[in-house]
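Q: My structure is stored as work_32.txt, with compact mmCIF, C-alpha atoms and all ligand atoms.
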```
# COMPACT_ATOMS: atom_id res chain seq x y z
CA MET B 1 23.89 -0.58 24.23
CA SER B 2 20.24 -0.08 23.37
CA ILE B 3 19.28 -0.40 19.72
CA LYS B 4 17.15 2.50 18.53
CA LYS B 5 14.00 1.39 16.77
CA ALA B 6 13.74 2.70 13.22
CA TYR B 7 10.30 3.81 12.11
CA PRO B 8 9.03 4.01 8.54
CA THR B 9 8.96 7.28 6.61
CA VAL B 10 5.62 7.91 4.93
CA LEU B 11 4.79 10.67 2.45
CA PHE B 12 1.27 12.09 2.32
CA PHE B 13 0.41 13.91 -0.88
CA ASP B 14 -2.55 16.13 -1.76
CA SER B 15 -3.20 19.24 -3.80
CA GLY B 16 -3.86 21.11 -0.55
CA VAL B 17 -4.47 20.58 3.14
CA GLY B 18 -7.20 17.95 2.58
CA GLY B 19 -4.71 15.16 3.13
CA PHE B 20 -4.56 16.26 6.78
CA SER B 21 -7.83 14.39 7.27
CA VAL B 22 -5.97 11.16 6.45
CA TYR B 23 -2.65 12.14 8.03
CA ARG B 24 -4.26 13.05 11.38
CA GLU B 25 -5.74 9.54 11.74
CA THR B 26 -2.41 7.93 10.85
CA LYS B 27 -0.49 10.12 13.27
CA LYS B 28 -3.00 9.19 15.99
CA LEU B 29 -2.52 5.47 15.33
CA LEU B 30 1.24 5.58 14.69
CA PRO B 31 2.58 8.62 16.54
CA ASP B 32 6.28 7.73 16.32
CA TRP B 33 6.56 7.17 12.59
CA HIS B 34 8.20 9.75 10.33
CA TYR B 35 5.88 11.84 8.19
CA LEU B 36 6.38 14.05 5.20
CA TYR B 37 3.44 15.95 3.80
CA CYS B 38 3.43 17.66 0.43
CA PHE B 39 0.67 19.88 -0.82
CA ASP B 40 0.86 20.85 -4.46
CA ASN B 41 -0.42 24.37 -3.94
CA ALA B 42 0.96 25.46 -7.32
CA GLY B 43 -1.40 22.95 -8.92
CA PHE B 44 -4.36 23.53 -6.57
CA PRO B 45 -7.24 22.89 -7.09
CA TYR B 46 -7.12 19.49 -8.76
CA SER B 47 -10.93 19.41 -9.05
CA GLU B 48 -11.02 20.63 -12.66
CA ARG B 49 -7.42 19.85 -13.70
CA SER B 50 -6.80 17.36 -16.51
CA GLU B 51 -6.03 13.75 -15.63
CA GLU B 52 -2.72 13.90 -17.52
CA SER B 53 -1.55 16.96 -15.61
CA ILE B 54 -2.48 15.39 -12.25
CA ILE B 55 -0.54 12.23 -13.13
CA GLN B 56 2.54 14.23 -14.17
CA ARG B 57 2.54 16.51 -11.12
CA THR B 58 2.00 13.69 -8.63
CA LEU B 59 4.74 11.57 -10.16
CA ALA B 60 7.17 14.51 -10.24
CA VAL B 61 6.58 15.39 -6.57
CA CYS B 62 6.89 11.79 -5.38
CA ARG B 63 10.11 11.26 -7.34
CA LEU B 64 11.66 14.46 -6.05
CA ILE B 65 10.84 13.83 -2.40
CA ASN B 66 11.82 10.16 -2.58
CA GLY B 67 15.19 11.30 -3.97
CA GLN B 68 15.75 13.49 -0.91
CA HIS B 69 14.21 11.23 1.75
CA PRO B 70 14.02 7.52 0.89
CA LEU B 71 10.38 6.65 1.45
CA ASP B 72 8.85 3.49 2.85
CA ALA B 73 5.37 4.28 1.54
CA ILE B 74 3.42 6.96 -0.31
CA VAL B 75 -0.16 7.85 0.57
CA ILE B 76 -2.03 9.68 -2.15
CA ALA B 77 -4.36 11.46 0.26
CA CYS B 78 -6.43 12.85 -2.57
CA ASN B 79 -9.35 11.16 -4.32
CA THR B 80 -9.04 13.28 -7.45
CA ALA B 81 -5.46 12.04 -7.91
CA SER B 82 -5.92 8.49 -6.59
CA THR B 83 -8.66 7.74 -9.11
CA VAL B 84 -6.16 8.26 -11.97
CA VAL B 85 -2.58 8.03 -10.75
CA LEU B 86 -2.22 4.77 -8.80
CA PRO B 87 -1.22 2.49 -11.72
CA THR B 88 1.51 4.94 -12.85
CA LEU B 89 2.93 5.30 -9.34
CA ARG B 90 2.92 1.55 -8.81
CA GLU B 91 4.86 1.12 -12.06
CA ASN B 92 7.45 3.66 -10.93
CA PHE B 93 7.96 2.74 -7.25
CA SER B 94 8.49 -0.58 -5.53
CA ILE B 95 7.21 0.65 -2.14
CA PRO B 96 3.54 0.46 -1.06
CA ILE B 97 1.39 3.12 -2.72
CA ILE B 98 -1.80 3.69 -0.75
CA GLY B 99 -4.66 5.52 -2.41
CA THR B 100 -7.78 7.28 -1.15
CA VAL B 101 -10.85 6.48 -3.20
CA PRO B 102 -14.55 7.14 -2.50
CA ALA B 103 -15.89 4.75 0.16
CA ILE B 104 -18.84 3.49 -1.93
CA LYS B 105 -18.68 -0.07 -0.60
CA PRO B 106 -18.98 0.77 3.13
CA ALA B 107 -21.63 3.36 2.26
CA ALA B 108 -23.72 0.72 0.47
CA GLU B 109 -23.29 -1.61 3.44
CA ILE B 110 -24.57 0.93 5.96
CA SER B 111 -27.33 2.75 4.03
CA LYS B 112 -30.84 1.67 5.04
CA THR B 113 -32.67 3.74 2.41
CA LYS B 114 -30.32 2.72 -0.41
CA HIS B 115 -29.98 6.39 -1.27
CA ILE B 116 -26.39 7.59 -1.14
CA GLY B 117 -24.68 10.88 -1.93
CA LEU B 118 -21.16 11.08 -3.33
CA LEU B 119 -19.70 14.47 -2.52
CA ALA B 120 -16.39 14.89 -4.30
CA THR B 121 -14.54 17.14 -6.72
CA LYS B 122 -15.77 17.83 -10.23
CA GLY B 123 -13.07 15.51 -11.55
CA THR B 124 -13.74 12.60 -9.19
CA VAL B 125 -17.50 12.39 -9.82
CA LYS B 126 -16.82 11.91 -13.55
CA ARG B 127 -14.13 9.25 -13.22
CA HIS B 128 -14.45 5.83 -14.82
CA TYR B 129 -13.01 4.45 -11.56
CA VAL B 130 -16.06 5.79 -9.71
CA ASP B 131 -18.49 4.34 -12.28
CA GLU B 132 -16.90 0.97 -11.65
CA LEU B 133 -17.13 1.30 -7.85
CA ILE B 134 -20.81 2.16 -8.11
CA ASN B 135 -21.50 -0.68 -10.55
CA LYS B 136 -19.73 -3.13 -8.33
CA PHE B 137 -20.99 -2.14 -4.89
CA ALA B 138 -24.11 -0.01 -5.27
CA LYS B 139 -25.77 -1.20 -8.45
CA ASN B 140 -29.35 -1.07 -7.23
CA TYR B 141 -28.93 2.08 -5.17
CA ARG B 142 -29.77 5.64 -5.97
CA VAL B 143 -26.36 7.31 -5.98
CA GLU B 144 -26.30 11.10 -6.27
CA ARG B 145 -23.05 12.65 -7.46
CA LEU B 146 -22.15 16.21 -6.59
CA GLY B 147 -18.85 17.70 -7.68
CA SER B 148 -17.76 20.94 -6.05
CA THR B 149 -14.61 23.03 -6.29
CA ARG B 150 -16.09 25.72 -4.04
CA LEU B 151 -16.33 23.32 -1.08
CA VAL B 152 -12.67 22.39 -1.53
CA GLU B 153 -11.75 26.08 -1.39
CA ILE B 154 -13.88 26.62 1.72
CA ALA B 155 -12.20 23.70 3.54
CA GLU B 156 -8.78 24.98 2.50
CA GLN B 157 -9.56 28.44 3.86
CA LYS B 158 -10.87 27.00 7.15
CA ILE B 159 -7.57 25.23 7.84
CA ARG B 160 -5.70 28.43 7.01
CA GLY B 161 -7.67 30.22 9.74
CA TYR B 162 -10.45 31.94 7.79
CA SER B 163 -14.10 31.78 8.86
CA VAL B 164 -16.43 29.31 7.18
CA ASP B 165 -19.30 30.62 5.06
CA LEU B 166 -22.23 28.30 5.93
CA ILE B 167 -24.50 29.96 3.40
CA ALA B 168 -22.04 29.19 0.63
CA ILE B 169 -21.91 25.54 1.76
CA LYS B 170 -25.69 25.32 1.81
CA ASP B 171 -25.81 26.85 -1.62
CA GLU B 172 -23.41 24.23 -2.99
CA LEU B 173 -25.53 21.47 -1.46
CA SER B 174 -28.86 23.01 -2.53
CA SER B 175 -29.88 20.14 -4.84
CA TRP B 176 -29.69 17.70 -1.91
CA LEU B 177 -31.43 19.73 0.79
CA ASP B 178 -34.89 18.26 0.11
CA MET B 179 -33.77 14.65 -0.35
CA SER B 180 -35.18 13.45 2.95
CA ASP B 181 -34.14 9.81 2.53
CA LEU B 182 -30.52 10.53 1.63
CA ASP B 183 -29.13 8.75 4.68
CA THR B 184 -25.46 8.20 3.76
CA LEU B 185 -22.86 10.58 2.43
CA VAL B 186 -19.52 9.55 0.97
CA LEU B 187 -16.95 12.26 1.69
CA GLY B 188 -15.15 11.57 -1.59
CA CYS B 189 -12.62 14.39 -1.27
CA THR B 190 -10.13 14.49 1.58
CA HIS B 191 -10.90 18.17 2.14
CA PHE B 192 -14.49 17.40 3.15
CA PRO B 193 -13.95 15.65 6.52
CA LEU B 194 -12.42 19.00 7.54
CA ILE B 195 -15.84 20.67 7.07
CA LYS B 196 -17.97 17.67 8.04
CA ASP B 197 -19.73 19.47 10.91
CA GLU B 198 -20.75 22.31 8.61
CA ILE B 199 -21.99 19.86 5.94
CA GLN B 200 -23.97 18.00 8.59
CA LEU B 201 -25.65 21.26 9.66
CA CYS B 202 -26.85 21.74 6.08
CA LEU B 203 -27.93 18.10 5.58
CA PRO B 204 -29.46 16.99 8.92
CA GLN B 205 -31.14 13.97 7.27
CA VAL B 206 -27.75 12.31 6.68
CA LYS B 207 -27.05 9.65 9.33
CA HIS B 208 -23.75 8.23 8.12
CA PHE B 209 -20.68 10.07 6.86
CA MET B 210 -18.09 7.90 5.14
CA ASP B 211 -14.67 9.29 6.00
CA PRO B 212 -11.93 6.82 5.05
CA GLY B 213 -9.17 8.38 7.22
CA ALA B 214 -9.15 5.79 10.02
CA ALA B 215 -9.37 2.82 7.63
CA ILE B 216 -6.42 4.14 5.62
CA ALA B 217 -4.37 4.55 8.80
CA LYS B 218 -5.01 0.87 9.65
CA ARG B 219 -4.05 -0.14 6.13
CA ILE B 220 -0.76 1.75 6.38
CA LYS B 221 -0.02 -0.01 9.66
CA SER B 222 -0.82 -3.45 8.26
CA LEU B 223 1.35 -2.89 5.19
CA LEU B 224 4.39 -1.50 6.98
CA ASP B 225 4.44 -2.81 10.52
CA GLY B 226 7.58 -4.86 10.98
CA VAL B 227 9.12 -4.22 7.51
CA ASP B 228 12.78 -3.21 7.19
CA VAL B 229 12.72 0.55 6.96
CA LYS B 230 14.86 2.46 4.46
CA ASN B 231 15.48 5.66 6.33
CA GLN B 232 17.51 4.82 9.41
CA SER B 233 18.51 8.42 9.96
CA GLU B 234 17.18 11.04 12.33
CA LYS B 235 13.47 11.62 12.72
CA VAL B 236 12.17 13.95 10.03
CA ASN B 237 8.68 15.44 9.92
CA GLN B 238 8.66 17.92 7.12
CA MET B 239 6.09 19.65 5.08
CA PHE B 240 6.54 20.61 1.44
CA CYS B 241 4.65 22.89 -0.91
CA THR B 242 5.23 23.66 -4.58
CA LYS B 243 5.13 27.48 -4.42
CA HIS B 244 5.27 30.32 -1.93
CA PHE B 245 1.87 31.44 -0.74
CA PRO B 246 0.64 34.56 1.04
CA GLU B 247 -0.09 32.98 4.41
CA GLU B 248 3.26 31.21 4.54
CA LEU B 249 4.51 32.83 7.73
CA GLN B 250 1.25 32.32 9.56
CA PHE B 251 1.14 28.75 8.28
CA LYS B 252 4.65 28.05 9.56
CA LYS B 253 3.46 28.95 13.05
CA ILE B 254 0.77 26.26 13.03
CA LEU B 255 3.05 23.51 11.67
CA PRO B 256 4.13 22.26 15.12
CA LEU B 257 0.46 21.73 16.01
CA TRP B 258 0.32 19.22 13.17
CA GLY B 259 3.61 17.62 14.21
CA PHE B 260 5.86 19.10 11.51
CA ASP B 261 9.20 20.81 12.03
CA SER B 262 9.59 22.77 8.83
CA LEU B 263 7.99 23.93 5.58
CA ASN B 264 10.05 23.63 2.40
CA ILE B 265 9.36 24.79 -1.12
CA ILE B 266 10.04 22.29 -3.88
CA GLU B 267 9.90 23.09 -7.57
CA ILE B 268 8.43 20.82 -10.16
CA GLU B 269 7.94 21.63 -13.85
N1 LIG C 301 -8.34 16.80 -1.64
C1 LIG C 301 -8.51 16.40 -2.97
C2 LIG C 301 -9.38 15.17 -3.13
O1 LIG C 301 -9.47 14.36 -2.24
C3 LIG C 301 -8.69 17.39 -4.09
C4 LIG C 301 -8.99 18.81 -3.87
C5 LIG C 301 -8.75 19.68 -5.10
O2 LIG C 301 -7.62 20.10 -5.27
O3 LIG C 301 -9.68 19.89 -5.88
O4 LIG C 301 -9.96 14.97 -4.15
```
Just dump the structure as structure tokens.
Ligand code: DGL
A:
Amino acid sequence: MSIKKAYPTVLFFDSGVGGFSVYRETKKLLPDWHYLYCFDNAGFPYSERSEESIIQRTLAVCRLINGQHPLDAIVIACNTASTVVLPTLRENFSIPIIGTVPAIKPAAEISKTKHIGLLATKGTVKRHYVDELINKFAKNYRVERLGSTRLVEIAEQKIRGYSVDLIAIKDELSSWLDMSDLDTLVLGCTHFPLIKDEIQLCLPQVKHFMDPGAAIAKRIKSLLDGVDVKNQSEKVNQMFCTKHFPEELQFKKILPLWGFDSLNIIEIE
């Protein structure tokens, strides 16, 4: 009798569809693993939400889903959440908690002009966590910080099938357009790799885009490869959201393209 190999179950969490930019790299590297993806659309956008509320919502979602599907790891595929919630999650769960934080270190390593842009949400650019990253890895660099909620909304709309407004993107990036030696851009929000081509069109001087998706996928593999998995049951690839939304039916149709079988609504307080 052949013994069926059991693969880990990994939850990806974001406020919206931005976490897809991390999930897609992981799925590419580890196609047979089991994936759950939750977007907290009732709490979207996280950009300007308070740190306390982000911590509470993230913890509530992770607890609820872990109760239904024993998880082997949680990936907080959201910079705005990762920069505040990781210690709380690590206190509450004994499984690996993998965060997504702005890739300042690799950006500093690759920039020739020592002039870097951090493009993130309004919350992330203000975080103490980010100050520390910059102090540690890019102390003598010029680091521009631009926080945008509008760009998050544009990326979200693109994935839901709406056209992308390039003029609006250019407008958001207007303060950087003339910075001719800005050679490296940290995509410090998981929504932004989804509109990277459009950002590049607006900022042709940028030579390097720091998108952490592939590095996170490798990290997940190194942490979980070979461990005893909790969920020995049937393969589940489910998506969760925290409220009904207008494009739900249309969205359900594209789920199989992303490798998910169903969309479920969960309720958190
Ligand atoms: N995708 C998220 C991030 O990486 C946040 C987007 C939002 O809800 O503002 O920061």
Q: Using all atoms listed in the file, determine which residues fall within 7 Å of ligand LIG 301 (chain C), then list them as number ranges by chain.
A: B: 14-16, 18-19, 44-48, 77-81, 120-121, 124, 149, 152, 188-191
Q: Go ahead and dump the residues you just picked, C-alpha atoms, as a PDB file, in the coordinates of the input.
A:
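Okay, part09.pdb is ready:
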```
ATOM      1  CA  ASP B  14      -2.550  16.130  -1.760  1.00  0.00           C
ATOM      2  CA  SER B  15      -3.200  19.240  -3.800  1.00  0.00           C
ATOM      3  CA  GLY B  16      -3.860  21.110  -0.550  1.00  0.00           C
ATOM      4  CA  GLY B  18      -7.200  17.950   2.580  1.00  0.00           C
ATOM      5  CA  GLY B  19      -4.710  15.160   3.130  1.00  0.00           C
ATOM      6  CA  PHE B  44      -4.360  23.530  -6.570  1.00  0.00           C
ATOM      7  CA  PRO B  45      -7.240  22.890  -7.090  1.00  0.00           C
ATOM      8  CA  TYR B  46      -7.120  19.490  -8.760  1.00  0.00           C
ATOM      9  CA  SER B  47     -10.930  19.410  -9.050  1.00  0.00           C
ATOM     10  CA  GLU B  48     -11.020  20.630 -12.660  1.00  0.00           C
ATOM     11  CA  ALA B  77      -4.360  11.460   0.260  1.00  0.00           C
ATOM     12  CA  CYS B  78      -6.430  12.850  -2.570  1.00  0.00           C
ATOM     13  CA  ASN B  79      -9.350  11.160  -4.320  1.00  0.00           C
ATOM     14  CA  THR B  80      -9.040  13.280  -7.450  1.00  0.00           C
ATOM     15  CA  ALA B  81      -5.460  12.040  -7.910  1.00  0.00           C
ATOM     16  CA  ALA B 120     -16.390  14.890  -4.300  1.00  0.00           C
ATOM     17  CA  THR B 121     -14.540  17.140  -6.720  1.00  0.00           C
ATOM     18  CA  THR B 124     -13.740  12.600  -9.190  1.00  0.00           C
ATOM     19  CA  THR B 149     -14.610  23.030  -6.290  1.00  0.00           C
ATOM     20  CA  VAL B 152     -12.670  22.390  -1.530  1.00  0.00           C
ATOM     21  CA  GLY B 188     -15.150  11.570  -1.590  1.00  0.00           C
ATOM     22  CA  CYS B 189     -12.620  14.390  -1.270  1.00  0.00           C
ATOM     23  CA  THR B 190     -10.130  14.490   1.580  1.00  0.00           C
ATOM     24  CA  HIS B 191     -10.900  18.170   2.140  1.00  0.00           C
TER      25      HIS B 191
END
```
Q: Using all atoms listed in the file, find the one residue out of B:Arg160, B:Lys114, B:Lys105, B:Arg63 that sits nearest to Val17 in chain B.
A: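 Closest candidate: B:Arg160.
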Q: Quick one: residues within 9 Å of (-6.9, 23.3, 8.4) (file frame), counting all atoms listed in the file, please, as a list in words.
A: Val17, Gly18, Phe20, Ala155, Glu156, Gln157, Lys158, Ile159, Arg160, Gly161 and Leu194 of chain B
Q: Which residue is closest to Ile65 in chain B? Choose from B:Tyr7, B:Phe209, B:Phe192, B:Tyr37 and count only C-alpha atoms.
A: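 So, comparing all the options, the nearest one is B:Tyr37.
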Q: Looking at all atoms listed in the file, which of B:Asn237, B:Phe137, B:Ile110, B:Val229 is the one that sits closest to Pro256 in chain B?
A: B:Asn237
Q: For Leu59 in chain B, please output as a ChimeraX atom specification all residues within 9 Å (counting all atoms listed in the file; exclusion window: fewer than 4 positions along the same chain).
A: /B:54-55,63-64,85,88-89,92
Q: What would range 100-175 of chain B look like if you wrote it out as a compact mmCIF listing (two decimals), in the first residue's frame, with C-alpha atoms included, from the block I just posted?
A:
```txt
# COMPACT_ATOMS: atom_id res chain seq x y z
CA THR B 100 6.32 40.51 5.20
CA VAL B 101 8.30 43.63 6.02
CA PRO B 102 9.85 46.27 3.72
CA ALA B 103 12.99 44.91 2.01
CA ILE B 104 15.27 47.78 3.10
CA LYS B 105 18.36 45.60 3.55
CA PRO B 106 18.44 44.10 0.02
CA ALA B 107 17.57 47.53 -1.38
CA ALA B 108 20.58 49.08 0.37
CA GLU B 109 22.77 46.26 -0.93
CA ILE B 110 21.77 46.79 -4.55
CA SER B 111 21.43 50.59 -4.81
CA LYS B 112 24.38 52.26 -6.55
CA THR B 113 23.21 55.85 -5.97
CA LYS B 114 22.33 55.24 -2.31
CA HIS B 115 18.97 56.85 -3.00
CA ILE B 116 16.06 54.54 -2.21
CA GLY B 117 12.29 54.93 -2.27
CA LEU B 118 10.01 53.14 0.18
CA LEU B 119 6.56 52.88 -1.33
CA ALA B 120 4.14 51.54 1.26
CA THR B 121 0.88 52.33 3.02
CA LYS B 122 0.40 55.43 5.13
CA GLY B 123 0.65 53.26 8.24
CA THR B 124 3.81 51.37 7.25
CA VAL B 125 5.89 54.45 6.38
CA LYS B 126 5.31 55.80 9.92
CA ARG B 127 6.13 52.61 11.81
CA HIS B 128 8.86 52.43 14.42
CA TYR B 129 9.77 49.05 12.88
CA VAL B 130 10.60 50.82 9.61
CA ASP B 131 12.68 53.51 11.38
CA GLU B 132 14.72 50.70 12.88
CA LEU B 133 15.19 48.92 9.54
CA ILE B 134 16.42 52.13 7.95
CA ASN B 135 18.74 52.92 10.88
CA LYS B 136 20.18 49.45 10.77
CA PHE B 137 20.60 48.89 7.04
CA ALA B 138 20.45 52.24 5.24
CA LYS B 139 21.80 54.77 7.70
CA ASN B 140 23.82 56.82 5.24
CA TYR B 141 21.33 56.57 2.40
CA ARG B 142 18.70 58.97 1.25
CA VAL B 143 15.49 57.06 1.90
CA GLU B 144 12.28 58.60 0.58
CA ARG B 145 9.04 57.41 2.18
CA LEU B 146 5.76 57.60 0.33
CA GLY B 147 2.58 56.29 1.90
CA SER B 148 -0.42 55.80 -0.37
CA THR B 149 -3.88 54.37 0.19
CA ARG B 150 -4.95 55.26 -3.36
CA LEU B 151 -2.34 52.92 -4.88
CA VAL B 152 -3.61 50.07 -2.70
CA GLU B 153 -7.13 50.70 -3.99
CA ILE B 154 -5.92 50.80 -7.60
CA ALA B 155 -4.11 47.44 -7.22
CA GLU B 156 -7.18 45.93 -5.57
CA GLN B 157 -9.40 47.08 -8.43
CA LYS B 158 -6.97 45.72 -11.04
CA ILE B 159 -7.15 42.20 -9.58
CA ARG B 160 -10.94 42.47 -9.50
CA GLY B 161 -10.91 43.12 -13.26
CA TYR B 162 -11.17 46.91 -13.46
CA SER B 163 -8.90 49.00 -15.69
CA VAL B 164 -5.88 50.73 -14.20
CA ASP B 165 -5.77 54.53 -14.13
CA LEU B 166 -2.14 55.37 -15.01
CA ILE B 167 -2.71 59.08 -14.52
CA ALA B 168 -3.85 58.46 -10.96
CA ILE B 169 -0.72 56.37 -10.32
CA LYS B 170 1.51 59.08 -11.75
CA ASP B 171 -0.26 61.63 -9.62
CA GLU B 172 0.40 59.60 -6.46
CA LEU B 173 4.07 59.31 -7.39
CA SER B 174 4.41 62.96 -8.45
CA SER B 175 6.94 63.90 -5.76
```
